[in-house]
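Raw contents of target-v3.cif, mmCIF, C-alpha atoms and all ligand atoms:
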```
data_entry
#
loop_
_atom_site.label_atom_id
_atom_site.label_comp_id
_atom_site.auth_asym_id
_atom_site.auth_seq_id
_atom_site.Cartn_x
_atom_site.Cartn_y
_atom_site.Cartn_z
CA MET M 1 2.77 21.87 -25.94
CA ASP M 2 0.78 22.95 -22.87
CA ARG M 3 1.90 22.15 -19.36
CA ILE M 4 2.55 18.43 -18.88
CA TYR M 5 1.28 17.42 -15.46
CA LEU M 6 2.94 14.26 -14.13
CA ASP M 7 2.34 14.67 -10.41
CA TYR M 8 -1.05 12.95 -9.98
CA ALA M 9 0.19 11.32 -6.76
CA ALA M 10 0.52 14.79 -5.19
CA THR M 11 -2.96 15.80 -6.27
CA THR M 12 -5.35 15.34 -9.18
CA PRO M 13 -7.49 17.93 -10.94
CA ALA M 14 -11.15 17.62 -10.00
CA HIS M 15 -13.09 15.87 -12.77
CA PRO M 16 -15.42 18.33 -14.58
CA GLU M 17 -18.40 16.10 -13.64
CA VAL M 18 -17.30 16.34 -10.00
CA VAL M 19 -17.26 20.14 -10.12
CA LYS M 20 -20.69 20.13 -11.79
CA ALA M 21 -22.12 17.84 -9.12
CA MET M 22 -20.73 20.00 -6.31
CA LEU M 23 -21.93 23.41 -7.50
CA PRO M 24 -25.60 23.31 -6.38
CA TYR M 25 -24.50 22.55 -2.81
CA PHE M 26 -22.70 25.89 -2.50
CA SER M 27 -25.80 27.87 -3.38
CA HIS M 28 -29.24 26.45 -4.16
CA SER M 29 -29.04 23.42 -1.85
CA PHE M 30 -26.86 25.04 0.79
CA GLY M 31 -28.86 23.82 3.80
CA ASN M 32 -27.38 22.26 6.91
CA PRO M 33 -27.95 18.50 6.55
CA SER M 34 -28.88 18.34 10.23
CA SER M 35 -31.86 20.66 9.62
CA ILE M 36 -35.28 19.11 9.21
CA TYR M 37 -36.63 21.46 6.53
CA GLY M 38 -36.45 20.86 2.78
CA CYS M 39 -33.10 22.26 1.75
CA GLY M 40 -31.39 20.67 4.77
CA GLN M 41 -32.86 17.31 3.89
CA GLU M 42 -31.80 17.74 0.25
CA ALA M 43 -28.21 18.12 1.47
CA LYS M 44 -28.61 15.11 3.74
CA GLU M 45 -29.86 12.97 0.87
CA ALA M 46 -26.89 14.03 -1.24
CA ILE M 47 -24.51 13.04 1.56
CA GLU M 48 -26.14 9.63 1.91
CA ALA M 49 -25.94 9.07 -1.87
CA ALA M 50 -22.24 9.95 -1.77
CA ARG M 51 -21.74 7.59 1.18
CA SER M 52 -23.27 4.76 -0.86
CA SER M 53 -21.06 5.53 -3.86
CA VAL M 54 -17.91 5.32 -1.73
CA ALA M 55 -19.20 2.18 0.00
CA VAL M 56 -19.81 0.48 -3.36
CA LEU M 57 -16.32 1.41 -4.59
CA ILE M 58 -14.61 -0.34 -1.65
CA GLY M 59 -17.18 -3.05 -0.91
CA ALA M 60 -18.26 -1.61 2.45
CA ARG M 61 -21.62 -0.97 4.09
CA ASP M 62 -22.90 2.61 4.06
CA GLU M 63 -22.74 2.96 7.84
CA GLU M 64 -19.06 2.01 7.82
CA ILE M 65 -18.14 5.14 5.81
CA VAL M 66 -17.20 8.19 7.92
CA PHE M 67 -16.43 11.42 6.08
CA THR M 68 -13.38 13.35 7.26
CA SER M 69 -11.44 16.42 6.15
CA GLY M 70 -8.96 14.29 4.17
CA GLY M 71 -6.48 11.45 4.29
CA THR M 72 -4.47 13.00 7.10
CA GLU M 73 -7.49 13.17 9.41
CA ALA M 74 -8.49 9.63 8.49
CA ASP M 75 -4.98 8.35 9.33
CA ASN M 76 -4.84 10.31 12.61
CA THR M 77 -8.30 9.10 13.62
CA ALA M 78 -7.52 5.46 12.86
CA LEU M 79 -4.48 5.32 15.14
CA LYS M 80 -5.60 7.71 17.88
CA GLY M 81 -9.17 6.40 17.86
CA VAL M 82 -8.05 2.81 18.48
CA ALA M 83 -5.31 3.87 20.91
CA TYR M 84 -7.64 5.99 23.06
CA ALA M 85 -10.33 3.31 23.07
CA SER M 86 -7.93 0.57 24.11
CA GLY M 87 -8.55 1.34 27.79
CA GLY M 88 -5.31 -0.18 29.04
CA LYS M 89 -5.85 -3.45 27.13
CA GLY M 90 -2.71 -2.75 25.17
CA ASP M 91 -0.25 -0.01 24.37
CA HIS M 92 1.61 -1.28 21.31
CA ILE M 93 1.23 -0.13 17.69
CA ILE M 94 2.95 -1.57 14.62
CA THR M 95 3.53 0.35 11.41
CA SER M 96 6.22 0.60 8.74
CA ALA M 97 9.16 2.93 8.19
CA ILE M 98 7.79 4.09 4.81
CA GLU M 99 4.34 5.31 5.83
CA HIS M 100 3.11 8.78 4.95
CA HIS M 101 3.91 11.43 7.58
CA ALA M 102 0.23 11.39 8.59
CA ILE M 103 0.89 7.96 10.12
CA LEU M 104 4.53 8.37 11.12
CA GLU M 105 3.96 11.61 13.02
CA THR M 106 0.80 10.27 14.66
CA GLY M 107 2.90 7.31 15.80
CA HIS M 108 5.56 9.62 17.22
CA PHE M 109 2.88 11.67 18.98
CA LEU M 110 1.36 8.54 20.52
CA GLU M 111 4.82 7.61 21.81
CA THR M 112 4.76 10.82 23.85
CA GLN M 113 1.40 9.63 25.26
CA GLY M 114 2.80 6.38 26.63
CA PHE M 115 2.21 4.09 23.62
CA ARG M 116 5.01 2.04 22.08
CA VAL M 117 5.37 2.03 18.31
CA THR M 118 7.32 -0.47 16.18
CA PHE M 119 8.36 0.90 12.78
CA LEU M 120 8.99 -2.18 10.63
CA PRO M 121 11.72 -2.09 7.98
CA VAL M 122 11.05 -2.84 4.30
CA ASP M 123 13.11 -4.75 1.73
CA ARG M 124 14.90 -3.03 -1.16
CA TYR M 125 11.67 -2.88 -3.16
CA GLY M 126 9.81 -1.23 -0.30
CA MET M 127 7.89 -4.36 0.67
CA VAL M 128 6.88 -5.18 4.25
CA ASP M 129 7.50 -8.83 5.16
CA PRO M 130 4.30 -10.28 6.72
CA ASP M 131 6.52 -12.49 8.90
CA ASP M 132 7.99 -9.32 10.41
CA VAL M 133 4.44 -8.29 11.34
CA ARG M 134 3.84 -11.70 12.90
CA ARG M 135 7.06 -11.50 14.92
CA ALA M 136 6.38 -7.92 16.08
CA ILE M 137 2.88 -8.65 17.48
CA THR M 138 2.72 -9.09 21.25
CA ASP M 139 -0.21 -9.51 23.61
CA LYS M 140 -0.06 -5.71 24.06
CA THR M 141 -0.48 -4.90 20.34
CA ILE M 142 -3.70 -3.03 19.56
CA ILE M 143 -3.33 -2.06 15.90
CA VAL M 144 -1.18 -2.67 12.83
CA SER M 145 -1.14 0.10 10.20
CA ILE M 146 0.51 -0.67 6.86
CA MET M 147 -0.19 1.47 3.81
CA HIS M 148 -1.81 -0.16 0.78
CA ALA M 149 0.60 1.47 -1.71
CA ASN M 150 3.39 3.91 -1.10
CA ASN M 151 2.92 7.43 -2.42
CA GLU M 152 6.58 7.89 -3.40
CA ILE M 153 7.67 4.55 -4.86
CA GLY M 154 4.30 2.96 -5.65
CA THR M 155 5.02 -0.45 -4.09
CA ILE M 156 1.80 -2.30 -3.20
CA GLN M 157 1.88 -4.12 0.13
CA PRO M 158 0.61 -7.67 0.81
CA ILE M 159 -2.29 -6.40 2.95
CA ALA M 160 -4.47 -9.52 2.55
CA GLU M 161 -1.62 -11.70 3.80
CA ILE M 162 -0.96 -9.35 6.73
CA SER M 163 -4.67 -9.39 7.61
CA ARG M 164 -4.61 -13.17 8.07
CA ILE M 165 -1.96 -12.60 10.74
CA THR M 166 -3.73 -9.70 12.48
CA ARG M 167 -7.07 -11.59 12.48
CA GLU M 168 -5.45 -14.62 14.09
CA ALA M 169 -3.87 -12.38 16.73
CA ASP M 170 -7.13 -10.42 17.26
CA VAL M 171 -5.43 -7.12 16.44
CA TYR M 172 -6.97 -4.34 14.33
CA LEU M 173 -5.55 -3.69 10.86
CA HIS M 174 -5.59 -0.24 9.27
CA THR M 175 -4.42 0.57 5.76
CA ASP M 176 -3.80 3.96 4.21
CA ALA M 177 -5.40 3.47 0.78
CA VAL M 178 -5.09 7.11 -0.26
CA GLN M 179 -3.01 6.22 -3.33
CA THR M 180 -4.95 3.11 -4.37
CA THR M 181 -8.63 4.01 -4.00
CA GLY M 182 -10.11 4.55 -7.43
CA HIS M 183 -6.86 3.44 -9.08
CA ILE M 184 -6.68 -0.30 -8.45
CA PRO M 185 -9.54 -2.66 -7.61
CA PHE M 186 -9.88 -3.91 -4.03
CA SER M 187 -12.53 -4.49 -1.39
CA VAL M 188 -12.27 -4.08 2.35
CA ASP M 189 -13.22 -7.75 2.80
CA GLY M 190 -10.69 -8.89 0.21
CA LEU M 191 -7.99 -6.96 2.05
CA GLY M 192 -9.36 -8.03 5.44
CA VAL M 193 -8.91 -4.57 6.98
CA ASP M 194 -10.81 -3.02 9.89
CA LEU M 195 -9.94 0.58 9.00
CA LEU M 196 -9.02 2.22 5.70
CA SER M 197 -8.17 5.83 4.75
CA ILE M 198 -9.20 7.63 1.55
CA SER M 199 -8.52 11.16 0.30
CA GLY M 200 -10.81 12.89 -2.21
CA HIS M 201 -8.18 14.86 -4.10
CA LYS M 202 -6.21 11.77 -5.15
CA LEU M 203 -9.06 10.38 -7.26
CA HIS M 204 -10.26 13.49 -9.08
CA GLY M 205 -12.43 14.62 -6.18
CA PRO M 206 -11.99 17.88 -4.28
CA LYS M 207 -9.34 18.67 -1.67
CA GLY M 208 -10.27 18.83 2.01
CA VAL M 209 -12.48 15.75 2.09
CA GLY M 210 -11.74 12.11 2.79
CA VAL M 211 -13.11 8.96 4.34
CA LEU M 212 -12.24 6.66 7.18
CA TYR M 213 -13.80 3.25 6.63
CA ILE M 214 -14.53 1.72 10.03
CA ARG M 215 -15.59 -1.94 10.05
CA LYS M 216 -18.76 -2.51 12.07
CA GLY M 217 -17.91 -3.37 15.66
CA THR M 218 -14.47 -1.69 15.69
CA LYS M 219 -13.91 0.01 19.05
CA MET M 220 -12.90 3.61 18.38
CA ALA M 221 -12.84 6.78 20.46
CA PRO M 222 -14.29 9.74 18.49
CA PHE M 223 -11.56 12.08 17.38
CA MET M 224 -13.72 15.19 17.09
CA HIS M 225 -16.13 15.86 19.95
CA GLY M 226 -19.25 17.94 19.43
CA GLY M 227 -22.41 17.21 17.46
CA GLU M 228 -23.80 13.84 16.50
CA GLN M 229 -22.77 13.95 12.84
CA GLU M 230 -21.33 10.84 11.19
CA PHE M 231 -22.92 8.38 13.65
CA GLY M 232 -21.40 10.36 16.54
CA ARG M 233 -17.92 9.44 15.32
CA ARG M 234 -16.96 12.76 13.74
CA ALA M 235 -18.58 15.98 14.88
CA SER M 236 -18.79 19.15 12.75
CA THR M 237 -21.21 20.39 10.10
CA HIS M 238 -20.70 18.37 6.95
CA ASN M 239 -18.65 19.68 4.03
CA VAL M 240 -21.59 18.97 1.73
CA PRO M 241 -20.10 20.07 -1.64
CA GLY M 242 -16.86 18.23 -0.83
CA ILE M 243 -18.66 15.04 0.14
CA VAL M 244 -20.88 15.19 -2.95
CA GLY M 245 -17.74 15.68 -5.07
CA LEU M 246 -16.03 12.70 -3.49
CA GLY M 247 -19.14 10.58 -4.09
CA LYS M 248 -19.17 11.57 -7.76
CA ALA M 249 -15.43 10.85 -8.06
CA ALA M 250 -16.02 7.38 -6.58
CA GLN M 251 -18.77 6.70 -9.14
CA ILE M 252 -16.57 7.78 -12.05
CA ALA M 253 -13.63 5.77 -10.71
CA LEU M 254 -15.72 2.63 -10.60
CA GLN M 255 -16.67 3.06 -14.27
CA GLU M 256 -13.24 4.06 -15.60
CA ARG M 257 -10.68 2.59 -13.20
CA ASP M 258 -9.77 -0.71 -14.84
CA GLU M 259 -9.46 0.58 -18.39
CA GLU M 260 -7.55 3.60 -17.15
CA ALA M 261 -5.15 1.45 -15.10
CA GLU M 262 -4.32 -0.60 -18.19
CA ARG M 263 -3.71 2.48 -20.32
CA VAL M 264 -1.58 4.23 -17.72
CA THR M 265 0.46 1.09 -16.98
CA ARG M 266 1.52 0.94 -20.61
CA LEU M 267 2.65 4.58 -20.57
CA ARG M 268 4.39 4.11 -17.22
CA ASP M 269 6.32 1.10 -18.57
CA LYS M 270 7.34 3.02 -21.67
CA LEU M 271 8.66 5.82 -19.46
CA ILE M 272 10.54 3.48 -17.10
CA ASP M 273 12.00 1.27 -19.84
CA SER M 274 13.16 4.19 -21.97
CA VAL M 275 14.79 6.04 -19.07
CA LEU M 276 16.61 2.90 -17.95
CA ALA M 277 17.72 2.15 -21.52
CA ASN M 278 18.78 5.67 -22.49
CA ILE M 279 20.16 7.31 -19.36
CA ASP M 280 23.28 5.82 -17.72
CA HIS M 281 23.30 5.27 -13.97
CA ALA M 282 19.50 5.34 -13.72
CA ARG M 283 17.61 2.91 -11.52
CA LEU M 284 13.98 2.27 -10.72
CA ASN M 285 12.88 2.65 -7.11
CA GLY M 286 10.15 0.37 -5.83
CA HIS M 287 8.97 -2.98 -7.15
CA ARG M 288 9.09 -3.50 -10.92
CA ARG M 289 5.68 -5.20 -11.13
CA ILE M 290 3.88 -4.91 -7.80
CA ARG M 291 3.47 -1.15 -8.03
CA LEU M 292 0.82 1.45 -8.72
CA PRO M 293 -0.12 1.61 -12.41
CA ASN M 294 0.83 5.29 -12.59
CA ASN M 295 4.08 5.49 -10.60
CA ALA M 296 7.61 5.77 -11.98
CA ASN M 297 10.20 6.71 -9.34
CA LEU M 298 13.71 6.86 -10.73
CA SER M 299 17.09 7.69 -9.25
CA ILE M 300 19.41 9.27 -11.80
CA SER M 301 22.86 9.39 -10.20
CA TYR M 302 25.09 12.49 -10.57
CA ALA M 303 22.09 14.71 -11.26
CA GLU M 304 20.33 16.37 -8.37
CA GLY M 305 16.57 15.66 -8.11
CA GLU M 306 15.57 19.20 -7.31
CA SER M 307 17.65 20.64 -10.18
CA MET M 308 16.11 18.14 -12.63
CA CYS M 309 12.66 18.99 -11.32
CA LEU M 310 13.20 22.75 -11.71
CA LYS M 311 14.63 22.35 -15.22
CA LEU M 312 11.71 20.12 -16.20
CA ASP M 313 9.39 22.77 -14.82
CA ARG M 314 11.01 25.33 -17.13
CA GLU M 315 10.10 23.01 -19.99
CA GLY M 316 6.50 22.91 -18.72
CA ILE M 317 6.76 19.47 -17.09
CA CYS M 318 5.52 19.04 -13.49
CA CYS M 319 6.90 16.14 -11.48
CA SER M 320 8.23 15.75 -7.98
CA THR M 321 11.37 14.76 -6.14
CA GLY M 322 9.58 12.87 -3.39
CA SER M 323 6.23 13.29 -1.70
CA ALA M 324 4.64 16.71 -2.07
CA CYS M 325 4.68 17.10 1.68
CA SER M 326 8.42 16.58 2.02
CA SER M 327 9.62 18.26 -1.16
CA ALA M 328 9.95 21.56 0.68
CA SER M 329 12.49 19.98 3.01
CA ALA M 330 16.13 19.37 2.23
CA GLU M 331 16.10 16.02 4.04
CA PRO M 332 16.40 13.01 1.75
CA SER M 333 13.17 11.03 1.47
CA HIS M 334 12.63 8.68 4.44
CA VAL M 335 11.12 6.17 1.99
CA LEU M 336 14.16 6.02 -0.29
CA LEU M 337 16.52 5.78 2.71
CA ALA M 338 14.42 2.87 4.06
CA LEU M 339 15.00 1.02 0.76
CA GLY M 340 18.73 1.24 1.44
CA LEU M 341 19.59 4.10 -0.93
CA ASP M 342 22.38 6.35 0.30
CA PRO M 343 21.51 10.05 0.77
CA LEU M 344 23.15 11.00 -2.55
CA GLN M 345 21.08 8.47 -4.50
CA ALA M 346 17.97 9.56 -2.62
CA HIS M 347 18.68 13.18 -3.55
CA SER M 348 18.89 12.23 -7.22
CA SER M 349 15.37 10.84 -7.46
CA LEU M 350 12.38 11.95 -9.49
CA ARG M 351 8.80 10.78 -9.17
CA PHE M 352 6.59 10.87 -12.24
CA SER M 353 2.99 9.98 -11.52
CA LEU M 354 0.71 9.65 -14.52
CA GLY M 355 -3.04 10.05 -14.71
CA LYS M 356 -6.29 10.35 -16.55
CA TRP M 357 -5.14 13.10 -18.91
CA THR M 358 -1.61 11.83 -19.57
CA THR M 359 -1.01 11.14 -23.26
CA GLU M 360 1.63 9.14 -25.09
CA ALA M 361 2.82 12.35 -26.79
CA GLU M 362 3.49 13.84 -23.36
CA ILE M 363 5.55 10.84 -22.29
CA ASP M 364 7.48 11.01 -25.58
CA HIS M 365 8.20 14.67 -24.90
CA VAL M 366 9.54 13.90 -21.41
CA LEU M 367 11.73 11.18 -22.89
CA GLU M 368 13.16 13.69 -25.33
CA VAL M 369 13.74 16.45 -22.77
CA LEU M 370 14.98 14.51 -19.75
CA PRO M 371 18.22 13.03 -21.19
CA ARG M 372 19.23 16.54 -22.32
CA ILE M 373 18.62 17.97 -18.85
CA VAL M 374 20.51 15.12 -17.19
CA ALA M 375 23.49 15.55 -19.56
CA LYS M 376 23.65 19.29 -18.83
CA LEU M 377 23.52 18.80 -15.06
CA ARG M 378 26.08 16.03 -15.19
CA ALA M 379 28.44 18.21 -17.21
CA MET M 380 28.51 20.50 -14.17
CA SER M 381 28.66 17.72 -11.60
CA PRO M 382 32.00 17.25 -9.80
CA LEU M 383 30.68 13.90 -8.57
CA LEU M 384 30.51 12.35 -12.04
CA LYS M 385 34.00 13.63 -12.90
CA SER M 386 35.46 12.03 -9.77
CA HIS M 387 33.60 8.81 -10.57
CA ARG M 388 35.14 8.57 -14.06
N1 LIG M 401 -1.57 9.24 2.87
C1 LIG M 401 -0.94 9.19 1.69
C2 LIG M 401 -0.36 7.89 1.23
C3 LIG M 401 -0.85 10.32 0.88
O1 LIG M 401 -0.22 10.25 -0.30
C4 LIG M 401 -1.41 11.54 1.34
C5 LIG M 401 -1.27 12.79 0.56
O2 LIG M 401 -0.24 13.07 -0.04
C6 LIG M 401 -2.08 11.55 2.59
C7 LIG M 401 -2.13 10.38 3.32
C8 LIG M 401 -2.71 12.79 3.12
O3 LIG M 401 -3.95 13.04 2.47
P1 LIG M 401 -4.61 14.49 2.55
O4 LIG M 401 -3.80 15.39 1.66
O5 LIG M 401 -6.01 14.30 2.05
O6 LIG M 401 -4.60 14.91 3.98
#
```
If you took the structure in this file and wrote it as structure tokens, what would it be?
Ligand code: PLP
Amino acid sequence: MDRIYLDYAATTPAHPEVVKAMLPYFSHSFGNPSSIYGCGQEAKEAIEAARSSVAVLIGARDEEIVFTSGGTEADNTALKGVAYASGGKGDHIITSAIEHHAILETGHFLETQGFRVTFLPVDRYGMVDPDDVRRAITDKTIIVSIMHANNEIGTIQPIAEISRITREADVYLHTDAVQTTGHIPFSVDGLGVDLLSISGHKLHGPKGVGVLYIRKGTKMAPFMHGGEQEFGRRASTHNVPGIVGLGKAAQIALQERDEEAERVTRLRDKLIDSVLANIDHARLNGHRRIRLPNNANLSISYAEGESMCLKLDREGICCSTGSACSSASAEPSHVLLALGLDPLQAHSSLRFSLGKWTTEAEIDHVLEVLPRIVAKLRAMSPLLKSHR
């Protein structure tokens, strides 16, 4: 069996149609979209078509779509843009303890700039309580940022409910939808958000391109100063092939998303149910139902996550022990700790994230290999012996 890739939450392969759509913009239609001659205007038209495709996918207007260099830039821009435009009206930001580092670190940075940030706790399933948001809002609050679904544990947050609270309080609401866009249906009006982040490489688009949706009328300071690109909100010559690729990925997602979500959910449930039934001391992290269709995050006590991951890799299976960004660090995942897991349990976690090219045979193979790996590691584990 070839390599089995089960880390779609870290990144997805670009769809072949995406690559095909991008290619002409590296060579034949390479013009600068700000130029008035033919090949510049060709590039501009392609950008505007891509903008419409993304807008349709999330139910936005074209002029509310701002292309960025990825999800991280979109997250940074959302918080800093609102903070720097607040002009002394307020200095308080609310987010959650389980956000991606792109939000957490931006929050910590803004604290050094005189802003106050509340990091809300989550329950044992990783869910933010909307009442906690309500209680945390003060007359100094300028923005609430709660991710749509968590990249490690897959829990989907009650964003629409939170938006009713932020609307009432006249506070902006941002959501990091990097893991949900193109994977589950939603619209910006249905969620009631003012700002929303997207990353191309999580929905079979290219890396290095993303979107910040900015609802019309939202007061934002530009994050990049320079030219007038992107309605003056984001200077720099456009990444034309990247943007075209993201537009194509959005189109494909719209056609395939719902059927794909159903298929992947079935495989995910098979994986979760079989691991829980066949491996002792295994538990599911995140919510059993209100989770991303493709996410299975499991703690398997008395077996170290990194060792399982490396042994799976030797069998040709790619998965992760946490988010891709933190897997290089020895610190236990901040998300798993926020759920109430102790550091040992957090260190024994694996994240499988399924995708477009995951087959049932691949899942069956993982289910055959994993118990063997766990048994071997446990045979060497002093922790299990002392537990017995
Ligand atoms: N937000 C979430 C939830 C993510 O999972 C990621 C990527 O892992 C990002 C933001 C960052 O996106 P990008 O890699 O495009 O900067």
Which residues of chain M sit at most 9 Å from ligand LIG 401 (chain M), using only C-alpha atoms and all ligand atoms? Give each one's shortest atom pair and distance in Å (one decimal place), in chain and ascending residue order, as a tab-separated table.
```
residue	atom	partner	partner_atom	distance
M:Ala9	CA	M:LIG401	O1	6.6
M:Ala10	CA	M:LIG401	O2	5.5
M:Thr11	CA	M:LIG401	O2	7.3
M:Ser69	CA	M:LIG401	O5	7.1
M:Gly70	CA	M:LIG401	O5	3.6
M:Gly71	CA	M:LIG401	O3	3.5
M:Thr72	CA	M:LIG401	O6	3.7
M:Glu73	CA	M:LIG401	O6	6.4
M:Ala74	CA	M:LIG401	O6	8.0
M:Asp75	CA	M:LIG401	C7	7.0
M:Glu99	CA	M:LIG401	C2	7.1
M:His100	CA	M:LIG401	N1	5.1
M:His101	CA	M:LIG401	C7	7.5
M:Ala102	CA	M:LIG401	C7	5.9
M:Ile103	CA	M:LIG401	N1	7.8
M:Met147	CA	M:LIG401	C2	6.9
M:His148	CA	M:LIG401	C2	8.2
M:Ala149	CA	M:LIG401	C2	7.1
M:Asn150	CA	M:LIG401	C2	5.9
M:Asn151	CA	M:LIG401	O1	4.7
M:Glu152	CA	M:LIG401	O1	7.8
M:Asp176	CA	M:LIG401	N1	5.9
M:Ala177	CA	M:LIG401	C2	6.7
M:Val178	CA	M:LIG401	C2	5.0
M:Gln179	CA	M:LIG401	C2	5.5
M:Thr180	CA	M:LIG401	C2	8.7
M:Ser197	CA	M:LIG401	N1	7.7
M:Ile198	CA	M:LIG401	O5	7.4
M:Ser199	CA	M:LIG401	O5	4.4
M:Gly200	CA	M:LIG401	O5	6.6
M:His201	CA	M:LIG401	O5	6.5
M:Lys202	CA	M:LIG401	C5	7.6
M:Lys207	CA	M:LIG401	O5	6.6
M:Gly208	CA	M:LIG401	O5	6.2
M:Val209	CA	M:LIG401	O5	6.6
M:Gly210	CA	M:LIG401	O5	6.2
M:Ser323	CA	M:LIG401	O2	6.7
M:Ala324	CA	M:LIG401	O2	6.4
M:Cys325	CA	M:LIG401	O2	6.6
```
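The nearest approach to Met308 in chain M among the residues M:His287, M:Arg372, M:Arg257, M:Lys356, with only C-alpha atoms taken into account, belongs to M:Arg372.
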Task: Selected residue of minimal separation from Ser35 in chain M among M:Ala250, M:Ser348, M:Glu315, M:His238, counting all atoms listed in the file - done: M:His238
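We find CA of Arg164 in chain M and CA of Arg134 in chain M to be spaced 9.8 Å apart.
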Task: M:Met127, M:Leu254, M:Ile36, M:Val82 ranked by distance to Ile153 in chain M, top pick (using all atoms listed in the file) - done: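 So, comparing all the options, the nearest one is M:Met127.
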Using only C-alpha atoms, can you list as a compact mmCIF listing (two decimals) with C-alpha atoms, keeping the file's coordinate frame the residues within 12 Å of (-29.0, 19.3, 5.9)?
```
# COMPACT_ATOMS: atom_id res chain seq x y z
CA TYR M 25 -24.50 22.55 -2.81
CA SER M 29 -29.04 23.42 -1.85
CA PHE M 30 -26.86 25.04 0.79
CA GLY M 31 -28.86 23.82 3.80
CA ASN M 32 -27.38 22.26 6.91
CA PRO M 33 -27.95 18.50 6.55
CA SER M 34 -28.88 18.34 10.23
CA SER M 35 -31.86 20.66 9.62
CA ILE M 36 -35.28 19.11 9.21
CA TYR M 37 -36.63 21.46 6.53
CA GLY M 38 -36.45 20.86 2.78
CA CYS M 39 -33.10 22.26 1.75
CA GLY M 40 -31.39 20.67 4.77
CA GLN M 41 -32.86 17.31 3.89
CA GLU M 42 -31.80 17.74 0.25
CA ALA M 43 -28.21 18.12 1.47
CA LYS M 44 -28.61 15.11 3.74
CA GLU M 45 -29.86 12.97 0.87
CA ALA M 46 -26.89 14.03 -1.24
CA ILE M 47 -24.51 13.04 1.56
CA GLU M 48 -26.14 9.63 1.91
CA GLN M 229 -22.77 13.95 12.84
CA THR M 237 -21.21 20.39 10.10
CA HIS M 238 -20.70 18.37 6.95
CA ASN M 239 -18.65 19.68 4.03
CA VAL M 240 -21.59 18.97 1.73
CA PRO M 241 -20.10 20.07 -1.64
```
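In terms of minimum interatomic distance to Ala221 in chain M, M:Lys80 ranks closest within M:Arg351, M:Lys80, M:Asp170, M:Arg3, counting all atoms listed in the file.
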Task: Distance in Å - CA of Val264 in chain M versus CA of Tyr8 in chain M - done: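 Here the two named atoms are 11.7 Å from each other.
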Open item on the list: Set the distance at 9 Å and use only C-alpha atoms: which residues neighbour Val18 in chain M once local chain neighbours fewer than 5 positions away are removed? I'd like the list as a PyMOL selection string.
Closed with: chain M and resi 23+204-206+244-249+252
